[in-house]
Amino acid sequence: MSEQSIDVPALRKDFPILDQYVHDKPLIYLDNAATTQKPQVVIDRINRIYTRENSNIHRGVHYLSNQLTEKYEQARQRVQRFINARHQHEVIFTNGTTHSINAIAYAFGEKYIGPDDEIIITELEHHANIVPWQVLCQGKGARLRVIPFNDRGELIMEEFEKHINNRTRLIAVNHISNSLGTINDVKQITDIAHRNDVPVLVDGAQSIQHQKIDVQQLDCDFYVFSGHKVYGPNGSGVLYGKEKWLEELPPYQTGGEMIQKVTFEKTTYNELPFKFEAGTPNYVGAIGTAEALSYIESLGLEAIEAHENDLLQYATSKLMEIPGMKIYGTADRKISVLSFLMEGIHHYDTGMVLDKMGIAVRTGHHCTEPLMDHFGIEGTVRASLAIYNTREEIDQLQQALLKVKQMFS
Ligand code: PLP
């Protein structure tokens, strides 16, 4: 473990949005799995682009364009280092996780999926890692196979070996479940997959902000995430792919910038990474995301993990003190997400009353309807904790939930 620890009161000052009242109560923001708040350095970085640096990148001969092109490519380098990609051109900027998964579903599907082929996903997935594969399979006459999880919310790992066969073309799995917090053993999955020559796409939407990511160590073929969930701006994201795949896959969007030469007879494509970045990229989002990665790196990923793990243990024990409380997702290895229901109280009612007390949580199926079906429920209340949350906020959540219980009993 690193010596570094997080000074939460100091850190909270970096996030101006936290310092406000909602419904006359101090805001307690526990909806971090949906989106994280932005530190001042990220806000300032974006502000500086629009006040001093803005210009379309890559195509300019003038000063501003060249300067910002350099910053954009530095952002790519920053992402490369952060996830330990082997090459800078293995990092493609996108609009977010959903965009990245759709891009691979299209490009990979075009080249490698045919009738009777199979794609493996899991019962734990977010809709963003279900629907693109389902639509692809429907279009190509291929089949989707689904790895189940046990009642603690852990994938049944033996099922991977059972489901893989000579028709399996790809496995798509989330690193961490947004609804249950389960940390999946992605390395074990890539080992099994690669023994069978099957590539793996990892949905990192919920892992990039919580733990050190090393795509070479995970040995995943694709890793995708969204900037807005890692303290960066909305509308930006990353698609990492191993060079050999990105070289082989066709572009999923066409237009400017992704070309080498265009004539009316024929177009040839640009080299990586530009082949996958058609049109004007969201350079503001990319540079803002890189700034956010620098910010959390300065805090230390191990320190973040330690702080959030402490909050998870504390919150779990505080919630379990409440009679009639049921927590969904009790995996041995999980992050600071608490999905729960209180006996006889609808999740929506709980969320509405918490809101009136200044506490922001999410309610519903969290874009994981098949996961909710597994438990035979419609949805949960989800409190998802981040670097700026505190034990005091958990105490207030517990008190508020006791009041909700009183109101509805
Ligand atoms: N995958 C997971 C596990 C998620 O939690 C989310 C968002 O909540 C997504 C994918 C989709 O991310 P985005 O909406 O940023 O594209």
# chains A, B, ... in the order shown; residues from 1 in each chain; ligands from 1
>>> residues_near_ligand(ligand="ligand 1", cutoff="10 Å", atoms="only C-alpha atoms and all ligand atoms", output="NGL selection string")
:A and (32-35 or 94-102 or 124-130 or 173-179 or 181 or 202-207 or 224-229 or 234-237 or 366-368)
>>> write_last_selection(atoms="N, CA and C atoms", output="CSV table (one decimal), in the first residue's frame")
chain,number,residue,atom,x,y,z
A,32,ASN,N,-22.6,9.0,-7.9
A,32,ASN,CA,-21.4,9.1,-8.6
A,32,ASN,C,-21.2,8.0,-9.7
A,33,ALA,N,-21.9,6.9,-9.6
A,33,ALA,CA,-21.9,5.9,-10.7
A,33,ALA,C,-22.6,6.4,-11.9
A,34,ALA,N,-23.5,7.4,-11.8
A,34,ALA,CA,-24.2,7.9,-12.9
A,34,ALA,C,-23.3,9.0,-13.6
A,35,THR,N,-22.8,9.9,-12.7
A,35,THR,CA,-21.7,10.8,-13.2
A,35,THR,C,-21.0,11.4,-12.0
A,94,THR,N,-13.5,9.1,-28.2
A,94,THR,CA,-14.9,8.9,-28.7
A,94,THR,C,-15.8,9.8,-27.8
A,95,ASN,N,-17.1,9.6,-27.9
A,95,ASN,CA,-18.0,10.4,-27.1
A,95,ASN,C,-18.3,9.8,-25.7
A,96,GLY,N,-17.9,8.5,-25.5
A,96,GLY,CA,-18.1,7.9,-24.2
A,96,GLY,C,-18.2,6.4,-24.4
A,97,THR,N,-18.5,5.7,-23.3
A,97,THR,CA,-18.5,4.2,-23.3
A,97,THR,C,-19.5,3.7,-24.3
A,98,THR,N,-20.7,4.2,-24.4
A,98,THR,CA,-21.7,3.7,-25.3
A,98,THR,C,-21.2,3.8,-26.7
A,99,HIS,N,-20.7,5.0,-27.0
A,99,HIS,CA,-20.2,5.2,-28.4
A,99,HIS,C,-19.0,4.2,-28.7
A,100,SER,N,-18.1,4.0,-27.7
A,100,SER,CA,-17.0,3.1,-28.0
A,100,SER,C,-17.5,1.7,-28.2
A,101,ILE,N,-18.5,1.2,-27.4
A,101,ILE,CA,-18.9,-0.2,-27.6
A,101,ILE,C,-19.6,-0.3,-29.0
A,102,ASN,N,-20.5,0.7,-29.3
A,102,ASN,CA,-21.1,0.6,-30.6
A,102,ASN,C,-20.1,0.6,-31.7
A,124,LEU,N,-24.6,-9.4,-15.9
A,124,LEU,CA,-24.3,-8.3,-15.1
A,124,LEU,C,-24.3,-7.0,-15.9
A,125,GLU,N,-24.4,-7.1,-17.2
A,125,GLU,CA,-24.1,-5.9,-18.0
A,125,GLU,C,-25.1,-4.8,-18.0
A,126,HIS,N,-24.5,-3.6,-18.2
A,126,HIS,CA,-25.3,-2.4,-18.5
A,126,HIS,C,-25.9,-2.5,-19.9
A,127,HIS,N,-27.0,-1.9,-20.1
A,127,HIS,CA,-27.7,-2.0,-21.4
A,127,HIS,C,-26.7,-1.6,-22.6
A,128,ALA,N,-25.8,-0.7,-22.3
A,128,ALA,CA,-24.8,-0.3,-23.3
A,128,ALA,C,-23.9,-1.4,-23.7
A,129,ASN,N,-23.8,-2.5,-22.9
A,129,ASN,CA,-23.0,-3.6,-23.3
A,129,ASN,C,-23.8,-4.9,-23.6
A,130,ILE,N,-25.1,-4.6,-23.8
A,130,ILE,CA,-26.0,-5.7,-24.2
A,130,ILE,C,-26.6,-5.4,-25.6
A,173,VAL,N,-17.5,-7.9,-21.5
A,173,VAL,CA,-17.8,-8.0,-20.1
A,173,VAL,C,-17.5,-6.7,-19.4
A,174,ASN,N,-18.3,-6.3,-18.4
A,174,ASN,CA,-17.9,-5.1,-17.6
A,174,ASN,C,-16.8,-5.5,-16.6
A,175,HIS,N,-16.0,-4.5,-16.3
A,175,HIS,CA,-14.9,-4.7,-15.3
A,175,HIS,C,-15.6,-4.7,-13.9
A,176,ILE,N,-16.5,-3.7,-13.8
A,176,ILE,CA,-17.2,-3.5,-12.5
A,176,ILE,C,-18.6,-3.2,-12.8
A,177,SER,N,-19.5,-3.9,-12.0
A,177,SER,CA,-21.0,-3.7,-12.3
A,177,SER,C,-21.4,-2.4,-11.7
A,178,ASN,N,-22.1,-1.6,-12.5
A,178,ASN,CA,-22.7,-0.3,-12.0
A,178,ASN,C,-23.8,-0.5,-11.0
A,179,SER,N,-24.5,-1.6,-11.1
A,179,SER,CA,-25.6,-1.8,-10.2
A,179,SER,C,-25.3,-2.5,-8.9
A,181,GLY,N,-21.7,-3.2,-8.0
A,181,GLY,CA,-20.4,-2.9,-7.5
A,181,GLY,C,-19.4,-4.1,-7.7
A,202,VAL,N,-13.6,-5.0,-22.7
A,202,VAL,CA,-13.9,-4.7,-21.3
A,202,VAL,C,-14.5,-3.4,-21.2
A,203,ASP,N,-15.7,-3.4,-20.6
A,203,ASP,CA,-16.4,-2.1,-20.3
A,203,ASP,C,-15.9,-1.6,-19.0
A,204,GLY,N,-15.1,-0.5,-19.1
A,204,GLY,CA,-14.4,0.0,-17.9
A,204,GLY,C,-15.1,1.3,-17.4
A,205,ALA,N,-16.4,1.5,-17.8
A,205,ALA,CA,-17.1,2.7,-17.3
A,205,ALA,C,-17.1,2.9,-15.8
A,206,GLN,N,-17.1,1.7,-15.1
A,206,GLN,CA,-17.1,1.8,-13.6
A,206,GLN,C,-15.8,1.4,-12.9
A,207,SER,N,-14.7,1.2,-13.8
A,207,SER,CA,-13.5,0.8,-13.1
A,207,SER,C,-12.4,1.9,-13.2
A,224,VAL,N,-12.9,0.3,-22.7
A,224,VAL,CA,-13.6,1.5,-23.0
A,224,VAL,C,-14.1,2.2,-21.8
A,225,PHE,N,-14.1,3.5,-21.8
A,225,PHE,CA,-14.6,4.3,-20.6
A,225,PHE,C,-15.1,5.7,-21.1
A,226,SER,N,-15.8,6.3,-20.1
A,226,SER,CA,-16.4,7.7,-20.3
A,226,SER,C,-15.6,8.7,-19.5
A,227,GLY,N,-15.3,9.8,-20.1
A,227,GLY,CA,-14.7,10.9,-19.3
A,227,GLY,C,-15.5,11.4,-18.1
A,228,HIS,N,-16.8,11.4,-18.3
A,228,HIS,CA,-17.7,12.1,-17.2
A,228,HIS,C,-17.8,11.2,-16.0
A,229,LYS,N,-17.4,10.0,-16.1
A,229,LYS,CA,-17.5,9.1,-14.8
A,229,LYS,C,-16.1,9.2,-14.1
A,234,ASN,N,-18.5,15.8,-19.8
A,234,ASN,CA,-19.4,15.0,-20.5
A,234,ASN,C,-19.1,15.0,-22.0
A,235,GLY,N,-19.6,13.9,-22.6
A,235,GLY,CA,-19.5,13.8,-24.1
A,235,GLY,C,-18.1,13.5,-24.6
A,236,SER,N,-17.3,12.9,-23.7
A,236,SER,CA,-15.9,12.5,-24.1
A,236,SER,C,-15.7,11.0,-23.6
A,237,GLY,N,-14.9,10.3,-24.3
A,237,GLY,CA,-14.6,8.9,-23.9
A,237,GLY,C,-13.4,8.4,-24.6
A,366,HIS,N,-31.2,1.1,-13.2
A,366,HIS,CA,-29.8,1.6,-13.5
A,366,HIS,C,-29.3,1.0,-14.9
A,367,CYS,N,-30.2,0.9,-15.8
A,367,CYS,CA,-29.8,0.4,-17.2
A,367,CYS,C,-29.3,-1.0,-17.1
A,368,THR,N,-29.9,-1.8,-16.2
A,368,THR,CA,-29.5,-3.2,-16.1
A,368,THR,C,-30.7,-4.0,-15.8
>>> residues_around(residues="region 77-85 of chain A", least_positions_apart="5", cutoff="9 Å", atoms="only C-alpha atoms", output="list of chain:residue names")
A:Tyr72, A:Glu90, A:Val91, A:Ile208, A:Lys212, A:Ile213, A:Asp214, A:Val215, A:Gln216, A:Gln217, A:Val238, A:Tyr240, A:Gly241, A:Lys242, A:Thr289, A:Ala290, A:Glu291, A:Leu293, A:Ser294, A:Glu297
>>> residues_around(residues="Gln4 (chain A)", least_positions_apart="3", cutoff="10 Å", atoms="only C-alpha atoms", output="ChimeraX atom specification")
/A:1,7,299-304,306
>>> select_by_dssp(residues="region 31-220 of chain A", states="alpha helix (DSSP H)", output="PyMOL selection string")
chain A and resi 40-48+63-83+97-112+131-140+158-163+186-195+215-218
>>> residues_around(residues="Leu311 (chain A)", least_positions_apart="3", cutoff="10 Å", atoms="only C-alpha atoms", output="PyMOL selection string")
chain A and resi 305-308+314-317+335-337+385-387+389-391+393-394
>>> residues_around(residues="region 142-144 of chain A", least_positions_apart="3", cutoff="6 Å", atoms="only C-alpha atoms", output="PyMOL selection string")
chain A and resi 115-120+137
>>> atom_distance(atom1="CA of Glu161 (chain A)", atom2="CA of Arg195 (chain A)")
10.1 Å
>>> select_by_dssp(residues="region 324-382 of chain A", states="strand (DSSP E or B)", output="list in words")
Met325, Lys326, Ile327, Tyr328, Lys334, Val337, Leu338, Ser339, Phe340, Leu341, Met342, Ile345, Ile359, Ala360, Arg362, Thr363, Gly364, Thr380, Val381 and Arg382 of chain A
>>> write_last_selection(atoms="C-alpha atoms", output="PDB file, in the first residue's frame")
ATOM      1  CA  MET A 325     -32.760  -3.453   4.840  1.00  0.00           C
ATOM      2  CA  LYS A 326     -31.635  -5.669   1.948  1.00  0.00           C
ATOM      3  CA  ILE A 327     -28.434  -4.925   0.080  1.00  0.00           C
ATOM      4  CA  TYR A 328     -28.131  -6.295  -3.457  1.00  0.00           C
ATOM      5  CA  LYS A 334     -16.690  -4.940  -4.829  1.00  0.00           C
ATOM      6  CA  VAL A 337     -21.741   1.004  -4.721  1.00  0.00           C
ATOM      7  CA  LEU A 338     -24.660   0.191  -2.419  1.00  0.00           C
ATOM      8  CA  SER A 339     -27.822  -1.026  -4.105  1.00  0.00           C
ATOM      9  CA  PHE A 340     -30.622  -1.629  -1.644  1.00  0.00           C
ATOM     10  CA  LEU A 341     -34.315  -1.846  -0.871  1.00  0.00           C
ATOM     11  CA  MET A 342     -36.140  -1.351   2.404  1.00  0.00           C
ATOM     12  CA  ILE A 345     -40.992   0.710   0.501  1.00  0.00           C
ATOM     13  CA  ILE A 359     -29.340  13.486  -0.561  1.00  0.00           C
ATOM     14  CA  ALA A 360     -28.894  12.603  -4.239  1.00  0.00           C
ATOM     15  CA  ARG A 362     -30.379   7.042  -8.085  1.00  0.00           C
ATOM     16  CA  THR A 363     -33.403   4.789  -8.199  1.00  0.00           C
ATOM     17  CA  GLY A 364     -34.639   2.308 -10.794  1.00  0.00           C
ATOM     18  CA  THR A 380     -33.154  -0.512  -6.311  1.00  0.00           C
ATOM     19  CA  VAL A 381     -31.994   2.607  -4.551  1.00  0.00           C
ATOM     20  CA  ARG A 382     -28.337   3.081  -5.416  1.00  0.00           C
TER      21      ARG A 382
END
>>> residues_around(residues="Glu73 (chain A)", least_positions_apart="3", cutoff="12 Å", atoms="only C-alpha atoms", output="JSON, numbers by chain")
{"A": [57, 58, 66, 67, 68, 69, 70, 76, 77, 78, 79, 80, 88, 89, 91, 92, 93, 273, 274, 281, 283, 284, 286, 287, 290]}
>>> write_last_selection(atoms="N, CA and C atoms", output="PDB file, in the first residue's frame")
ATOM      1  N   ILE A  57      -8.623  21.513 -34.621  1.00  0.00           N
ATOM      2  CA  ILE A  57      -7.285  20.917 -34.600  1.00  0.00           C
ATOM      3  C   ILE A  57      -6.964  20.223 -35.931  1.00  0.00           C
ATOM      4  N   HIS A  58      -5.719  19.815 -36.053  1.00  0.00           N
ATOM      5  CA  HIS A  58      -5.214  18.960 -37.141  1.00  0.00           C
ATOM      6  C   HIS A  58      -5.179  19.600 -38.530  1.00  0.00           C
ATOM      7  N   ASN A  66      -2.255  24.742 -34.366  1.00  0.00           N
ATOM      8  CA  ASN A  66      -1.100  23.881 -34.076  1.00  0.00           C
ATOM      9  C   ASN A  66      -0.924  23.641 -32.585  1.00  0.00           C
ATOM     10  N   GLN A  67      -1.128  24.713 -31.812  1.00  0.00           N
ATOM     11  CA  GLN A  67      -0.973  24.582 -30.354  1.00  0.00           C
ATOM     12  C   GLN A  67      -1.988  23.590 -29.796  1.00  0.00           C
ATOM     13  N   LEU A  68      -3.242  23.736 -30.242  1.00  0.00           N
ATOM     14  CA  LEU A  68      -4.275  22.883 -29.651  1.00  0.00           C
ATOM     15  C   LEU A  68      -4.146  21.442 -30.163  1.00  0.00           C
ATOM     16  N   THR A  69      -3.659  21.290 -31.384  1.00  0.00           N
ATOM     17  CA  THR A  69      -3.403  19.929 -31.900  1.00  0.00           C
ATOM     18  C   THR A  69      -2.391  19.233 -30.987  1.00  0.00           C
ATOM     19  N   GLU A  70      -1.376  19.997 -30.598  1.00  0.00           N
ATOM     20  CA  GLU A  70      -0.345  19.421 -29.727  1.00  0.00           C
ATOM     21  C   GLU A  70      -0.955  19.017 -28.375  1.00  0.00           C
ATOM     22  N   ARG A  76      -3.852  12.433 -25.512  1.00  0.00           N
ATOM     23  CA  ARG A  76      -3.821  11.019 -25.903  1.00  0.00           C
ATOM     24  C   ARG A  76      -2.692  10.285 -25.158  1.00  0.00           C
ATOM     25  N   GLN A  77      -1.534  10.975 -25.111  1.00  0.00           N
ATOM     26  CA  GLN A  77      -0.386  10.383 -24.381  1.00  0.00           C
ATOM     27  C   GLN A  77      -0.707  10.170 -22.910  1.00  0.00           C
ATOM     28  N   ARG A  78      -1.411  11.132 -22.334  1.00  0.00           N
ATOM     29  CA  ARG A  78      -1.770  11.062 -20.917  1.00  0.00           C
ATOM     30  C   ARG A  78      -2.676   9.841 -20.681  1.00  0.00           C
ATOM     31  N   VAL A  79      -3.642   9.628 -21.583  1.00  0.00           N
ATOM     32  CA  VAL A  79      -4.514   8.451 -21.454  1.00  0.00           C
ATOM     33  C   VAL A  79      -3.686   7.177 -21.632  1.00  0.00           C
ATOM     34  N   GLN A  80      -2.800   7.205 -22.617  1.00  0.00           N
ATOM     35  CA  GLN A  80      -1.956   6.019 -22.862  1.00  0.00           C
ATOM     36  C   GLN A  80      -1.199   5.636 -21.599  1.00  0.00           C
ATOM     37  N   GLN A  88       0.626   4.895 -28.263  1.00  0.00           N
ATOM     38  CA  GLN A  88      -0.259   6.058 -28.222  1.00  0.00           C
ATOM     39  C   GLN A  88      -1.417   5.900 -29.220  1.00  0.00           C
ATOM     40  N   HIS A  89      -1.125   5.303 -30.381  1.00  0.00           N
ATOM     41  CA  HIS A  89      -2.180   5.190 -31.411  1.00  0.00           C
ATOM     42  C   HIS A  89      -3.190   4.087 -31.095  1.00  0.00           C
ATOM     43  N   VAL A  91      -5.023   4.487 -28.538  1.00  0.00           N
ATOM     44  CA  VAL A  91      -6.042   5.272 -27.809  1.00  0.00           C
ATOM     45  C   VAL A  91      -6.855   6.086 -28.811  1.00  0.00           C
ATOM     46  N   ILE A  92      -8.136   5.777 -28.904  1.00  0.00           N
ATOM     47  CA  ILE A  92      -9.050   6.506 -29.802  1.00  0.00           C
ATOM     48  C   ILE A  92      -9.980   7.335 -28.924  1.00  0.00           C
ATOM     49  N   PHE A  93     -10.138   8.597 -29.247  1.00  0.00           N
ATOM     50  CA  PHE A  93     -11.110   9.402 -28.506  1.00  0.00           C
ATOM     51  C   PHE A  93     -12.506   9.230 -29.118  1.00  0.00           C
ATOM     52  N   PRO A 273      -4.192   6.707 -34.958  1.00  0.00           N
ATOM     53  CA  PRO A 273      -5.548   6.454 -34.499  1.00  0.00           C
ATOM     54  C   PRO A 273      -6.621   7.162 -35.343  1.00  0.00           C
ATOM     55  N   PHE A 274      -6.150   7.953 -36.364  1.00  0.00           N
ATOM     56  CA  PHE A 274      -7.074   8.874 -37.053  1.00  0.00           C
ATOM     57  C   PHE A 274      -8.131   8.128 -37.872  1.00  0.00           C
ATOM     58  N   PRO A 281     -12.967  16.093 -33.854  1.00  0.00           N
ATOM     59  CA  PRO A 281     -13.112  15.385 -32.577  1.00  0.00           C
ATOM     60  C   PRO A 281     -13.505  16.335 -31.447  1.00  0.00           C
ATOM     61  N   TYR A 283     -12.231  17.738 -29.001  1.00  0.00           N
ATOM     62  CA  TYR A 283     -10.902  17.987 -28.409  1.00  0.00           C
ATOM     63  C   TYR A 283     -11.025  18.614 -27.024  1.00  0.00           C
ATOM     64  N   VAL A 284     -12.087  19.374 -26.793  1.00  0.00           N
ATOM     65  CA  VAL A 284     -12.267  19.971 -25.460  1.00  0.00           C
ATOM     66  C   VAL A 284     -12.494  18.852 -24.437  1.00  0.00           C
ATOM     67  N   ALA A 286     -11.597  15.699 -24.739  1.00  0.00           N
ATOM     68  CA  ALA A 286     -10.405  14.855 -24.603  1.00  0.00           C
ATOM     69  C   ALA A 286      -9.377  15.522 -23.676  1.00  0.00           C
ATOM     70  N   ILE A 287      -9.160  16.823 -23.892  1.00  0.00           N
ATOM     71  CA  ILE A 287      -8.170  17.537 -23.074  1.00  0.00           C
ATOM     72  C   ILE A 287      -8.680  17.640 -21.624  1.00  0.00           C
ATOM     73  N   ALA A 290      -8.191  14.286 -19.950  1.00  0.00           N
ATOM     74  CA  ALA A 290      -6.778  14.083 -19.589  1.00  0.00           C
ATOM     75  C   ALA A 290      -6.441  14.861 -18.318  1.00  0.00           C
TER      76      ALA A 290
END
>>> closest_atom_pairs(of="region 78-112 of chain A", to="region 247-257 of chain A", cutoff="10 Å", atoms="only C-alpha atoms", output="JSON lines")
{"residue": "A:Glu90", "atom": "CA", "partner": "A:Glu247", "partner_atom": "CA", "distance": 9.6}
{"residue": "A:Asn102", "atom": "CA", "partner": "A:Tyr252", "partner_atom": "CA", "distance": 8.8}
{"residue": "A:Ala103", "atom": "CA", "partner": "A:Tyr252", "partner_atom": "CA", "distance": 5.8}
{"residue": "A:Ile104", "atom": "CA", "partner": "A:Tyr252", "partner_atom": "CA", "distance": 7.8}
{"residue": "A:Ala105", "atom": "CA", "partner": "A:Tyr252", "partner_atom": "CA", "distance": 9.0}
{"residue": "A:Tyr106", "atom": "CA", "partner": "A:Tyr252", "partner_atom": "CA", "distance": 6.2}
{"residue": "A:Ala107", "atom": "CA", "partner": "A:Tyr252", "partner_atom": "CA", "distance": 5.3}
{"residue": "A:Phe108", "atom": "CA", "partner": "A:Leu249", "partner_atom": "CA", "distance": 6.3}
{"residue": "A:Gly109", "atom": "CA", "partner": "A:Leu249", "partner_atom": "CA", "distance": 9.4}
{"residue": "A:Glu110", "atom": "CA", "partner": "A:Pro250", "partner_atom": "CA", "distance": 7.8}
{"residue": "A:Lys111", "atom": "CA", "partner": "A:Leu249", "partner_atom": "CA", "distance": 6.8}
{"residue": "A:Tyr112", "atom": "CA", "partner": "A:Leu249", "partner_atom": "CA", "distance": 9.1}
>>> write_last_selection(atoms="C-alpha atoms", output="PDB file, in the first residue's frame")
ATOM      1  CA  GLU A  90      -4.065   2.483 -29.516  1.00  0.00           C
ATOM      2  CA  ASN A 102     -21.127   0.640 -30.599  1.00  0.00           C
ATOM      3  CA  ALA A 103     -18.015   1.450 -32.625  1.00  0.00           C
ATOM      4  CA  ILE A 104     -16.516  -1.975 -31.940  1.00  0.00           C
ATOM      5  CA  ALA A 105     -19.839  -3.760 -32.400  1.00  0.00           C
ATOM      6  CA  TYR A 106     -20.096  -2.200 -35.849  1.00  0.00           C
ATOM      7  CA  ALA A 107     -16.477  -2.570 -36.971  1.00  0.00           C
ATOM      8  CA  PHE A 108     -15.894  -6.016 -35.463  1.00  0.00           C
ATOM      9  CA  GLY A 109     -19.320  -7.174 -36.603  1.00  0.00           C
ATOM     10  CA  GLU A 110     -18.685  -6.073 -40.190  1.00  0.00           C
ATOM     11  CA  LYS A 111     -15.469  -8.021 -40.400  1.00  0.00           C
ATOM     12  CA  TYR A 112     -15.822 -11.030 -38.146  1.00  0.00           C
TER      13      TYR A 112
END
>>> residues_around(residues="Phe408 (chain A)", least_positions_apart="4", cutoff="9 Å", atoms="only C-alpha atoms", output="ChimeraX atom specification")
/A:344-345,403-404
>>> atom_distance(atom1="CA of Leu64 (chain A)", atom2="CA of Ala278 (chain A)")
21.0 Å
